[in-house]
file data-v2.cif (mmCIF, C-alpha atoms)
data_coords
loop_
_atom_site.label_atom_id
_atom_site.label_comp_id
_atom_site.auth_asym_id
_atom_site.auth_seq_id
_atom_site.Cartn_x
_atom_site.Cartn_y
_atom_site.Cartn_z
CA MET A 1 0.00 0.00 0.00
CA ILE A 2 1.56 3.31 -1.12
CA GLU A 3 0.44 6.34 0.87
CA ARG A 4 -0.42 9.17 -1.51
CA LEU A 5 0.57 12.75 -0.71
CA ILE A 6 -2.68 14.20 -1.95
CA GLY A 7 -4.94 15.51 0.79
CA LEU A 8 -8.64 14.74 0.34
CA PRO A 9 -11.39 16.64 2.18
CA ARG A 10 -12.46 15.13 5.49
CA SER A 11 -16.16 15.75 5.06
CA ASP A 12 -16.79 17.99 2.03
CA SER A 13 -17.94 16.66 -1.32
CA PHE A 14 -15.29 16.99 -4.02
CA PHE A 15 -14.18 16.40 -7.59
CA LEU A 16 -11.02 14.33 -7.98
CA PHE A 17 -9.47 14.97 -11.39
CA GLY A 18 -6.53 13.16 -12.94
CA PRO A 19 -5.45 11.33 -16.11
CA ARG A 20 -6.55 7.74 -16.56
CA GLN A 21 -4.74 5.15 -14.41
CA THR A 22 -3.38 7.63 -11.87
CA GLY A 23 -5.20 5.79 -9.10
CA LYS A 24 -8.31 7.93 -8.61
CA THR A 25 -10.73 5.06 -8.06
CA THR A 26 -8.31 3.03 -5.95
CA LEU A 27 -7.60 5.98 -3.68
CA VAL A 28 -11.26 6.88 -3.20
CA LYS A 29 -12.25 3.31 -2.43
CA GLN A 30 -9.40 2.99 0.08
CA ARG A 31 -10.37 6.19 1.87
CA TYR A 32 -14.16 5.72 1.78
CA ALA A 33 -14.68 1.96 1.67
CA ALA A 34 -17.26 1.87 4.45
CA ASP A 35 -20.88 2.83 3.77
CA SER A 36 -20.26 3.91 0.18
CA TRP A 37 -22.08 3.38 -3.11
CA THR A 38 -20.18 3.56 -6.43
CA VAL A 39 -21.39 4.31 -9.94
CA ASP A 40 -18.70 3.51 -12.55
CA LEU A 41 -19.50 5.32 -15.80
CA LEU A 42 -16.59 3.61 -17.55
CA LEU A 43 -18.73 0.46 -17.61
CA GLU A 44 -20.71 0.64 -20.82
CA ASP A 45 -23.86 -0.96 -19.40
CA VAL A 46 -23.89 1.49 -16.48
CA PHE A 47 -23.28 4.42 -18.81
CA MET A 48 -26.11 3.34 -21.13
CA ARG A 49 -28.49 2.75 -18.23
CA TYR A 50 -28.17 6.31 -16.93
CA SER A 51 -27.98 7.81 -20.42
CA THR A 52 -31.37 6.35 -21.39
CA ASP A 53 -33.00 7.01 -18.02
CA PRO A 54 -31.60 10.29 -16.63
CA GLY A 55 -33.74 10.22 -13.47
CA LEU A 56 -32.57 6.76 -12.44
CA PHE A 57 -29.43 7.98 -10.67
CA ARG A 58 -31.43 10.30 -8.39
CA LEU A 59 -33.86 7.54 -7.41
CA GLN A 60 -31.12 5.00 -6.76
CA ALA A 61 -28.99 7.47 -4.80
CA LEU A 62 -31.91 8.35 -2.54
CA ASP A 63 -32.65 4.67 -2.02
CA GLN A 64 -29.02 3.96 -1.07
CA ILE A 65 -28.94 6.90 1.35
CA GLU A 66 -32.35 6.47 2.97
CA ARG A 67 -32.65 2.68 3.12
CA LYS A 68 -29.04 1.53 3.28
CA ALA A 69 -27.51 4.40 5.27
CA VAL A 70 -24.86 5.14 2.63
CA THR A 71 -22.70 8.10 3.70
CA THR A 72 -20.54 8.46 0.56
CA VAL A 73 -21.67 8.38 -3.08
CA ILE A 74 -18.86 7.86 -5.61
CA VAL A 75 -19.29 8.57 -9.33
CA ASP A 76 -16.34 7.50 -11.50
CA GLU A 77 -15.48 9.36 -14.74
CA VAL A 78 -18.32 11.84 -14.40
CA GLN A 79 -17.27 13.72 -17.55
CA ARG A 80 -18.81 10.89 -19.58
CA LEU A 81 -22.29 11.91 -18.38
CA PRO A 82 -22.11 15.47 -17.05
CA GLY A 83 -25.91 15.85 -16.96
CA LEU A 84 -25.89 13.48 -14.01
CA LEU A 85 -24.51 16.35 -11.89
CA ASN A 86 -27.91 18.06 -11.97
CA ASP A 87 -29.51 15.07 -10.24
CA ALA A 88 -26.56 14.84 -7.86
CA GLN A 89 -27.12 18.45 -6.82
CA SER A 90 -30.75 17.70 -6.06
CA VAL A 91 -29.78 14.78 -3.80
CA MET A 92 -27.03 16.83 -2.13
CA ASP A 93 -29.54 19.53 -1.25
CA MET A 94 -31.86 16.93 0.29
CA HIS A 95 -29.04 15.17 2.18
CA PRO A 96 -26.24 17.64 2.93
CA GLU A 97 -24.73 15.18 5.40
CA VAL A 98 -23.78 12.78 2.57
CA ARG A 99 -20.38 13.15 0.88
CA PHE A 100 -20.33 12.99 -2.93
CA VAL A 101 -17.07 12.13 -4.71
CA PHE A 102 -16.83 12.65 -8.47
CA THR A 103 -13.74 11.39 -10.28
CA GLY A 104 -12.88 12.45 -13.80
CA SER A 105 -10.14 12.72 -16.38
CA SER A 106 -11.30 16.04 -17.81
CA ALA A 107 -11.75 19.08 -15.59
CA ARG A 108 -11.52 21.71 -18.30
CA LYS A 109 -13.88 19.79 -20.55
CA LEU A 110 -16.61 20.12 -17.94
CA LYS A 111 -15.91 23.80 -17.36
CA ARG A 112 -15.51 24.57 -21.06
CA HIS A 113 -18.99 23.27 -21.81
CA GLY A 114 -20.67 25.14 -18.98
CA VAL A 115 -21.50 21.99 -17.01
CA ASN A 116 -23.10 22.33 -13.58
CA LEU A 117 -20.16 22.04 -11.16
CA LEU A 118 -22.52 22.15 -8.18
CA GLY A 119 -22.20 25.82 -7.32
CA GLY A 120 -19.49 25.48 -4.70
CA ARG A 121 -20.97 22.38 -3.09
CA ALA A 122 -17.87 20.39 -4.11
CA VAL A 123 -14.22 21.41 -4.03
CA GLU A 124 -11.57 20.26 -6.53
CA ARG A 125 -8.50 18.09 -6.11
CA TYR A 126 -5.98 16.76 -8.67
CA ILE A 127 -4.09 13.48 -8.57
CA HIS A 128 -1.00 12.57 -10.60
CA PRO A 129 1.31 9.61 -11.13
CA TYR A 130 3.50 8.82 -8.13
CA VAL A 131 5.89 11.53 -6.93
CA PHE A 132 9.33 10.80 -5.51
CA ARG A 133 8.32 11.23 -1.86
CA GLU A 134 5.59 8.59 -2.24
CA ILE A 135 7.97 5.92 -3.53
CA GLU A 136 11.44 7.18 -2.52
CA GLY A 137 12.37 3.88 -0.93
CA ARG A 138 12.09 2.17 -4.31
CA TYR A 139 12.77 4.87 -6.91
CA PRO A 140 15.17 3.68 -9.62
CA LEU A 141 15.84 6.92 -11.50
CA ASP A 142 16.81 5.32 -14.81
CA GLU A 143 13.69 3.14 -14.76
CA VAL A 144 11.45 6.12 -13.96
CA LEU A 145 12.97 8.14 -16.80
CA ARG A 146 12.07 5.29 -19.13
CA TYR A 147 8.75 3.96 -17.81
CA GLY A 148 7.32 6.78 -15.69
CA THR A 149 5.34 6.34 -12.47
CA LEU A 150 1.74 5.53 -13.41
CA PRO A 151 0.39 3.52 -10.43
CA GLY A 152 -0.96 0.69 -12.57
CA ILE A 153 2.40 0.28 -14.32
CA PHE A 154 5.16 1.30 -11.90
CA GLY A 155 7.18 -1.52 -10.35
CA ARG A 156 6.26 -4.27 -12.82
CA ASP A 157 8.77 -6.14 -14.94
CA PRO A 158 10.04 -4.21 -18.01
CA GLU A 159 8.12 -6.31 -20.54
CA SER A 160 4.84 -5.78 -18.71
CA MET A 161 5.47 -2.03 -18.36
CA GLN A 162 6.17 -1.74 -22.08
CA GLU A 163 3.01 -3.64 -23.00
CA ARG A 164 0.82 -1.62 -20.67
CA LEU A 165 2.24 1.72 -21.79
CA ASN A 166 1.79 0.84 -25.46
CA ALA A 167 -1.77 -0.23 -24.70
CA TYR A 168 -2.38 3.07 -22.89
CA VAL A 169 -1.22 5.03 -25.91
CA ASN A 170 -3.03 2.93 -28.51
CA THR A 171 -6.26 2.25 -26.63
CA TYR A 172 -6.81 5.43 -24.66
CA LEU A 173 -4.95 8.30 -26.26
CA ARG A 174 -6.17 7.37 -29.73
CA GLU A 175 -9.28 5.17 -29.58
CA GLU A 176 -11.06 6.61 -26.56
CA ILE A 177 -10.44 10.18 -27.63
CA ARG A 178 -11.96 9.23 -30.99
CA LEU A 179 -14.91 7.44 -29.36
CA GLU A 180 -15.65 10.43 -27.15
CA GLY A 181 -15.99 12.52 -30.29
CA LEU A 182 -13.17 14.88 -29.41
CA VAL A 183 -11.60 14.53 -32.87
CA ARG A 184 -13.00 13.45 -36.23
CA ASN A 185 -9.75 12.72 -38.03
CA ILE A 186 -8.03 10.16 -35.80
CA GLY A 187 -5.20 9.70 -38.32
CA GLY A 188 -4.36 13.39 -38.22
CA PHE A 189 -4.61 13.38 -34.45
CA SER A 190 -2.25 10.38 -34.24
CA ARG A 191 0.34 12.21 -36.36
CA PHE A 192 -0.07 15.27 -34.17
CA LEU A 193 0.40 13.16 -31.00
CA GLU A 194 3.71 11.75 -32.21
CA ILE A 195 5.07 15.14 -33.25
CA ALA A 196 3.83 16.74 -30.01
CA ALA A 197 5.60 14.00 -28.05
CA SER A 198 8.81 14.52 -30.01
CA GLN A 199 8.66 18.24 -29.10
CA ASN A 200 7.93 17.66 -25.41
CA GLY A 201 9.48 20.47 -23.38
CA GLU A 202 10.28 22.61 -26.43
CA MET A 203 8.64 25.87 -27.44
CA VAL A 204 5.74 25.17 -29.77
CA ASN A 205 5.08 27.19 -32.90
CA TYR A 206 1.55 26.26 -33.98
CA SER A 207 2.09 27.29 -37.59
CA ASP A 208 5.28 25.27 -38.01
CA MET A 209 3.74 22.27 -36.33
CA GLY A 210 0.65 22.51 -38.52
CA ARG A 211 2.85 22.27 -41.61
CA ASP A 212 4.64 19.25 -40.16
CA CYS A 213 1.35 17.50 -39.35
CA GLY A 214 -0.51 18.57 -42.48
CA ILE A 215 -3.23 20.30 -40.44
CA SER A 216 -4.24 23.91 -39.88
CA TYR A 217 -2.98 26.33 -37.22
CA ASN A 218 -6.36 26.27 -35.47
CA THR A 219 -6.49 22.46 -35.53
CA VAL A 220 -3.08 22.28 -33.86
CA LYS A 221 -4.28 24.64 -31.12
CA GLY A 222 -7.45 22.59 -30.78
CA HIS A 223 -5.50 19.34 -30.45
CA TYR A 224 -3.33 20.81 -27.70
CA GLU A 225 -6.52 21.91 -25.95
CA ILE A 226 -7.71 18.29 -26.10
CA LEU A 227 -4.48 17.15 -24.44
CA GLU A 228 -4.97 19.77 -21.74
CA ASP A 229 -8.67 18.98 -21.32
CA THR A 230 -7.93 15.29 -20.81
CA LEU A 231 -4.97 16.14 -18.50
CA VAL A 232 -2.54 14.32 -20.80
CA ALA A 233 -0.33 17.41 -21.27
CA PHE A 234 -0.04 20.92 -19.90
CA ALA A 235 1.39 24.21 -21.11
CA LEU A 236 4.34 25.96 -19.50
CA PRO A 237 4.13 29.60 -20.60
CA ALA A 238 7.06 31.95 -20.97
CA TRP A 239 7.52 34.25 -17.98
CA ALA A 240 7.29 37.99 -18.62
CA ARG A 241 6.32 40.91 -16.42
CA SER A 242 3.47 41.73 -18.79
CA THR A 243 0.57 39.28 -19.09
CA ARG A 244 0.13 40.39 -22.71
CA ARG A 245 3.72 39.42 -23.52
CA ARG A 246 3.20 36.02 -21.90
CA LEU A 247 0.18 35.35 -24.07
CA ALA A 248 2.10 36.36 -27.20
CA SER A 249 5.00 34.02 -26.46
CA HIS A 250 5.18 30.41 -27.56
CA PRO A 251 4.56 27.97 -24.67
CA ARG A 252 6.27 24.69 -23.93
CA TYR A 253 4.11 21.58 -23.48
CA TYR A 254 4.91 18.65 -21.22
CA PHE A 255 3.22 15.25 -21.22
CA PHE A 256 1.99 14.12 -17.81
CA ASP A 257 4.06 10.92 -17.54
CA LEU A 258 7.46 9.94 -18.92
CA GLY A 259 6.40 6.37 -19.71
CA VAL A 260 3.50 7.58 -21.83
CA LEU A 261 5.83 10.10 -23.50
CA ASN A 262 8.37 7.40 -24.34
CA ALA A 263 5.66 5.09 -25.66
CA LEU A 264 4.50 7.84 -28.02
CA ASN A 265 8.10 8.34 -29.13
CA HIS A 266 8.62 4.56 -29.69
CA ARG A 267 11.65 4.41 -27.41
CA LEU A 268 10.52 2.14 -24.58
CA GLY A 269 12.71 -0.70 -25.84
CA ASN A 270 16.00 1.21 -25.75
CA GLU A 271 18.05 3.05 -23.18
CA PRO A 272 17.86 6.80 -23.92
CA ASP A 273 20.96 8.44 -25.36
CA PRO A 274 22.61 11.18 -23.22
CA LYS A 275 20.79 14.06 -24.93
CA THR A 276 17.41 12.36 -24.65
CA ARG A 277 18.12 11.41 -21.04
CA GLY A 278 18.86 15.05 -20.24
CA ARG A 279 15.55 16.16 -21.73
CA LEU A 280 13.68 13.43 -19.86
CA PHE A 281 15.37 14.45 -16.62
CA GLU A 282 14.29 18.06 -17.14
CA SER A 283 10.72 16.87 -17.72
CA LEU A 284 10.88 14.77 -14.56
CA VAL A 285 11.74 17.77 -12.39
CA VAL A 286 9.07 19.95 -14.05
CA LEU A 287 6.49 17.22 -13.43
CA GLU A 288 7.54 16.73 -9.81
CA ILE A 289 7.29 20.45 -9.01
CA ARG A 290 3.91 20.75 -10.72
CA ARG A 291 2.55 17.72 -8.87
CA ARG A 292 3.74 19.04 -5.53
CA LEU A 293 2.20 22.42 -6.35
CA HIS A 294 -1.18 20.74 -6.85
CA TYR A 295 -0.87 18.64 -3.71
CA ALA A 296 -0.07 21.76 -1.68
CA ARG A 297 -3.17 23.40 -3.23
CA SER A 298 -0.90 26.34 -3.98
CA LYS A 299 -1.90 29.40 -5.95
CA ALA A 300 1.55 29.47 -7.53
CA SER A 301 2.09 28.89 -11.26
CA LEU A 302 5.00 27.55 -13.31
CA PHE A 303 6.73 29.25 -16.23
CA PHE A 304 10.02 29.09 -18.11
CA TRP A 305 12.20 32.12 -18.76
CA ARG A 306 14.00 33.08 -21.94
CA THR A 307 15.56 36.33 -23.10
CA SER A 308 15.89 37.65 -26.64
CA ALA A 309 19.64 37.03 -26.27
CA GLY A 310 18.98 33.31 -25.70
CA ALA A 311 19.51 33.03 -21.92
CA GLU A 312 17.13 30.42 -20.45
CA VAL A 313 15.90 29.08 -17.13
CA ASP A 314 13.88 25.86 -17.15
CA ILE A 315 11.43 26.67 -14.34
CA VAL A 316 10.22 29.90 -12.79
CA VAL A 317 7.72 29.66 -9.94
CA GLU A 318 5.36 32.63 -9.84
CA LYS A 319 3.35 33.51 -6.75
CA HIS A 320 1.22 36.59 -6.18
CA GLY A 321 2.31 37.94 -9.55
CA LYS A 322 6.05 37.80 -8.81
CA PRO A 323 8.80 35.18 -9.26
CA ALA A 324 9.24 33.16 -6.06
CA ALA A 325 11.97 30.75 -7.25
CA ALA A 326 13.96 29.82 -10.34
CA CYS A 327 15.37 26.40 -11.14
CA GLU A 328 17.66 25.08 -13.84
CA VAL A 329 17.76 21.31 -14.36
CA LYS A 330 21.03 19.50 -15.17
CA SER A 331 21.34 15.75 -15.45
CA SER A 332 25.14 15.68 -15.11
CA ARG A 333 26.88 15.02 -11.80
CA THR A 334 29.26 17.96 -12.26
CA ILE A 335 28.15 21.56 -12.61
CA ASP A 336 30.43 24.06 -14.34
CA ASN A 337 30.18 27.82 -14.81
CA HIS A 338 28.44 27.44 -18.17
CA ASP A 339 25.58 25.63 -16.41
CA LEU A 340 25.04 28.71 -14.24
CA SER A 341 24.73 31.21 -17.09
CA GLY A 342 20.94 31.19 -17.40
CA LEU A 343 20.36 31.64 -13.66
CA LYS A 344 23.00 34.39 -13.47
CA ALA A 345 21.20 36.27 -16.24
CA PHE A 346 17.94 35.77 -14.34
CA GLN A 347 19.52 37.06 -11.12
CA GLU A 348 20.52 40.29 -12.86
CA GLU A 349 16.82 41.00 -13.39
CA TYR A 350 15.51 39.40 -10.19
CA PRO A 351 18.34 39.56 -7.62
CA ASP A 352 16.19 38.63 -4.60
CA VAL A 353 14.66 35.43 -6.03
CA PRO A 354 16.09 32.10 -4.71
CA CYS A 355 17.83 30.19 -7.52
CA PHE A 356 18.51 26.46 -7.68
CA ILE A 357 20.18 23.92 -9.89
CA ALA A 358 18.44 20.54 -9.61
CA GLY A 359 20.88 17.83 -10.61
CA THR A 360 22.15 14.34 -9.90
CA VAL A 361 24.83 15.57 -7.50
CA ASN A 362 25.31 13.56 -4.30
CA SER A 363 24.92 16.46 -1.88
CA ALA A 364 24.00 20.13 -1.85
CA TYR A 365 26.52 22.97 -2.14
CA VAL A 366 26.66 26.62 -3.23
CA LYS A 367 28.43 27.67 -6.43
CA SER A 368 28.70 31.37 -7.29
CA GLY A 369 25.77 32.16 -5.04
CA ILE A 370 23.48 29.51 -6.59
CA ARG A 371 22.35 26.45 -4.65
CA VAL A 372 23.24 23.19 -6.41
CA MET A 373 21.18 20.32 -4.99
CA PRO A 374 20.14 16.72 -5.58
CA TRP A 375 17.03 17.10 -7.70
CA HIS A 376 14.56 15.70 -5.15
CA GLU A 377 15.92 18.00 -2.43
CA ALA A 378 15.56 20.98 -4.78
CA VAL A 379 11.94 19.95 -5.41
CA ASP A 380 11.36 19.87 -1.64
CA GLU A 381 12.92 23.32 -1.23
CA ILE A 382 10.80 24.81 -4.01
CA ALA A 383 7.66 23.06 -2.69
CA ALA A 384 8.25 24.71 0.68
CA LEU A 385 8.02 28.11 -1.05
CA LEU A 386 4.69 27.33 -2.70
#
call {"tool": "encode", "arguments": {"input": "data-v2.cif", "output": "structure tokens"}}
result
Amino acid sequence: MIERLIGLPRSDSFFLFGPRQTGKTTLVKQRYAADSWTVDLLLEDVFMRYSTDPGLFRLQALDQIERKAVTTVIVDEVQRLPGLLNDAQSVMDMHPEVRFVFTGSSARKLKRHGVNLLGGRAVERYIHPYVFREIEGRYPLDEVLRYGTLPGIFGRDPESMQERLNAYVNTYLREEIRLEGLVRNIGGFSRFLEIAASQNGEMVNYSDMGRDCGISYNTVKGHYEILEDTLVAFALPAWARSTRRRLASHPRYYFFDLGVLNALNHRLGNEPDPKTRGRLFESLVVLEIRRRLHYARSKASLFFWRTSAGAEVDIVVEKHGKPAAACEVKSSRTIDNHDLSGLKAFQEEYPDVPCFIAGTVNSAYVKSGIRVMPWHEAVDEIAALL
């Protein structure tokens, strides 16, 4: 049993959002096993039953609460049938003592379509693949860089992890997105997915990518919105003092799990070369900081920083409209002066902001006023500032 860092409400109803196979259902059932009733909308017969008879959920929920003394109602993958939330609200108003838990793999999809999110009756939480502090006693870095940390996949033998990750990509990322009607041209979307994966962590130019994929500028933007809606990828904007300048800059996109990323890039079967390993390591640290930000329920946001002269910093943490920390990620065990150049340029503009290098060094030290730390310790330090 792996204890998850995410904090769930003690008594409030809530939405628990996260990509498929991040352990939403398992976690909820572990926490609320007693006196609960579960509706799993991933099961086709259950989905069809409530689709054809919209009032059935309300009647059954009331029966479970009033006759069987159920104290927690769990609805899995609620984005498949968002109209069910109207009936849930009715039951919640009649029985405010009952906790409702709604899991889903698409938060923005619900909000984007103006779905009833229960008017403040339920708070939101986000769950991710395992973070280092959840599995630090058995965290083989090279294996994580290759296979990621999805709960249903982590820790299995390499052949099983490869099979499951390939199935995730082929069955979910392509077929289920097509079945949910999010895209019409699944072939074009598949080409986009592979190119998007190959550009993970790089600045995206929608026009250039559209030419590479053979699709329009607007279609590229729409496909990235699908990845964000389904929590498969997220944008890291460029930091600038002006919000307008941020919006005008090209973002970087990161996929939510390294194993899924490597499956899309067809490189699960081989050890990554040094350049690829460095890019995967950068993604790992970005993912860890973002996950910890969510678990802390912080109002902070993540950016990258780049000047017109080409100086770069991988991660800038913004809080209350100002930079709170800056972090450069280096996969090498030795840090030289060249590795400090981006942070030194950042310090010239923001001299009071703590700066870190997250690397594979054995212990922390200070070099030219910049803290060089083992990557997981740097993540802890930055998380403490969130």
call {"tool": "resolve_selection", "arguments": {"input": "data-v2.cif", "expression": "the PyMOL selection byres ((chain A and resi 155-170) around 10)", "output": "ChimeraX atom specification"}}
result
/A:20-21,138-140,143-144,146-154,171-176,190,193,259-264,266-269
call {"tool": "resolve_selection", "arguments": {"input": "data-v2.cif", "expression": "the PyMOL selection byres ((chain A and resi 292-302) around 7)", "output": "NGL selection string"}}
result
:A and (5-7 or 126 or 236 or 288-291 or 303 or 315-319 or 383 or 386)
call {"tool": "closest_residue", "arguments": {"input": "data-v2.cif", "among": "A:Asp257, A:Cys213, A:Val329, A:Asp142", "to": "Asn270 of chain A", "atoms": "all atoms listed in the file"}}
result
A:Asp142
call {"tool": "residues_near_point", "arguments": {"input": "data-v2.cif", "point": "(25.1, 27.2, -10.0)", "cutoff": "8 Å", "atoms": "all atoms listed in the file", "output": "PyMOL selection string"}}
result
chain A and resi 335-337+339-340+343+356-357+366-372
call {"tool": "atom_distance", "arguments": {"input": "data-v2.cif", "atom1": "atom CA of Glu202 of chain A", "atom2": "atom CA of Phe234 of chain A"}}
result
12.3 Å
call {"tool": "resolve_selection", "arguments": {"input": "data-v2.cif", "expression": "the PyMOL selection byres ((chain A and resi 34) around 12)", "output": "ChimeraX atom specification"}}
result
/A:28-33,35-38,68-74
call {"tool": "closest_residue", "arguments": {"input": "data-v2.cif", "among": "A:Leu81, A:Met92, A:Leu16, A:Ala196", "to": "Met48 of chain A", "atoms": "only C-alpha atoms"}}
result
A:Leu81
call {"tool": "residues_around", "arguments": {"input": "data-v2.cif", "residues": "Ser308 of chain A", "least_positions_apart": "2", "cutoff": "12 Å", "atoms": "all atoms listed in the file", "output": "VMD selection string"}}
result
chain A and resid 238 240 249 305 to 306 310 to 312 345
call {"tool": "atom_distance", "arguments": {"input": "data-v2.cif", "atom1": "atom CA of Ala358 of chain A", "atom2": "atom CA of Trp375 of chain A"}}
result
4.2 Å
call {"tool": "axis_aligned_box", "arguments": {"input": "data-v2.cif", "around": "segment 349-366 of chain A", "padding_each_side": "3 Å", "output": "AutoDock Vina command-line options"}}
result
--center_x 20.7 --center_y 27.3 --center_z -7.6 --size_x 18.0 --size_y 33.4 --size_z 17.5
call {"tool": "residues_around", "arguments": {"input": "data-v2.cif", "residues": "Arg277 of chain A", "least_positions_apart": "4", "cutoff": "8 Å", "atoms": "only C-alpha atoms", "output": "list in words"}}
result
Leu145, Pro272, Asp273, Phe281 and Ser331 of chain A
call {"tool": "atom_distance", "arguments": {"input": "data-v2.cif", "atom1": "atom CA of Glu124 of chain A", "atom2": "atom CA of Val204 of chain A"}}
result
29.4 Å
call {"tool": "closest_residue", "arguments": {"input": "data-v2.cif", "among": "A:Gly278, A:Lys24, A:Gly187, A:Ser105", "to": "Glu228 of chain A", "atoms": "all atoms listed in the file"}}
result
A:Ser105
call {"tool": "closest_residue", "arguments": {"input": "data-v2.cif", "among": "A:Lys275, A:Arg4, A:Lys344, A:Lys322", "to": "Phe132 of chain A", "atoms": "all atoms listed in the file"}}
result
A:Arg4
call {"tool": "residues_near_point", "arguments": {"input": "data-v2.cif", "point": "(-2.2, 25.9, -38.4)", "cutoff": "6 Å", "atoms": "only C-alpha atoms", "output": "list in words"}}
result
Tyr206, Ser207, Gly210, Ser216, Tyr217, Asn218 and Val220 of chain A
call {"tool": "residues_around", "arguments": {"input": "data-v2.cif", "residues": "Pro19 of chain A", "least_positions_apart": "5", "cutoff": "8 Å", "atoms": "only C-alpha atoms", "output": "PyMOL selection string"}}
result
chain A and resi 104-106+127-128+230-232
call {"tool": "decode", "arguments": {"input": "data-v2.cif", "residues": "segment 84-95 of chain A", "atoms": "N, CA and C atoms", "output": "PDB file, in the first residue's frame"}}
result
ATOM      1  N   LEU A  84     -25.609  14.159 -15.269  1.00  0.00           N
ATOM      2  CA  LEU A  84     -25.891  13.483 -14.007  1.00  0.00           C
ATOM      3  C   LEU A  84     -25.638  14.400 -12.809  1.00  0.00           C
ATOM      4  N   LEU A  85     -24.803  15.430 -12.992  1.00  0.00           N
ATOM      5  CA  LEU A  85     -24.509  16.346 -11.893  1.00  0.00           C
ATOM      6  C   LEU A  85     -25.733  17.143 -11.455  1.00  0.00           C
ATOM      7  N   ASN A  86     -26.684  17.354 -12.361  1.00  0.00           N
ATOM      8  CA  ASN A  86     -27.910  18.056 -11.966  1.00  0.00           C
ATOM      9  C   ASN A  86     -28.699  17.245 -10.949  1.00  0.00           C
ATOM     10  N   ASP A  87     -28.817  15.927 -11.205  1.00  0.00           N
ATOM     11  CA  ASP A  87     -29.509  15.070 -10.244  1.00  0.00           C
ATOM     12  C   ASP A  87     -28.715  14.949  -8.952  1.00  0.00           C
ATOM     13  N   ALA A  88     -27.390  14.911  -9.060  1.00  0.00           N
ATOM     14  CA  ALA A  88     -26.561  14.842  -7.855  1.00  0.00           C
ATOM     15  C   ALA A  88     -26.781  16.071  -6.974  1.00  0.00           C
ATOM     16  N   GLN A  89     -26.891  17.229  -7.594  1.00  0.00           N
ATOM     17  CA  GLN A  89     -27.119  18.452  -6.817  1.00  0.00           C
ATOM     18  C   GLN A  89     -28.433  18.379  -6.064  1.00  0.00           C
ATOM     19  N   SER A  90     -29.450  17.845  -6.715  1.00  0.00           N
ATOM     20  CA  SER A  90     -30.749  17.699  -6.057  1.00  0.00           C
ATOM     21  C   SER A  90     -30.648  16.812  -4.817  1.00  0.00           C
ATOM     22  N   VAL A  91     -29.942  15.698  -4.944  1.00  0.00           N
ATOM     23  CA  VAL A  91     -29.776  14.783  -3.804  1.00  0.00           C
ATOM     24  C   VAL A  91     -28.921  15.424  -2.718  1.00  0.00           C
ATOM     25  N   MET A  92     -27.884  16.158  -3.109  1.00  0.00           N
ATOM     26  CA  MET A  92     -27.027  16.830  -2.131  1.00  0.00           C
ATOM     27  C   MET A  92     -27.812  17.849  -1.323  1.00  0.00           C
ATOM     28  N   ASP A  93     -28.730  18.544  -1.970  1.00  0.00           N
ATOM     29  CA  ASP A  93     -29.537  19.527  -1.250  1.00  0.00           C
ATOM     30  C   ASP A  93     -30.483  18.848  -0.258  1.00  0.00           C
ATOM     31  N   MET A  94     -30.966  17.662  -0.602  1.00  0.00           N
ATOM     32  CA  MET A  94     -31.862  16.929   0.287  1.00  0.00           C
ATOM     33  C   MET A  94     -31.106  16.264   1.436  1.00  0.00           C
ATOM     34  N   HIS A  95     -29.839  15.879   1.175  1.00  0.00           N
ATOM     35  CA  HIS A  95     -29.038  15.170   2.182  1.00  0.00           C
ATOM     36  C   HIS A  95     -27.641  15.791   2.273  1.00  0.00           C
TER      37      HIS A  95
END
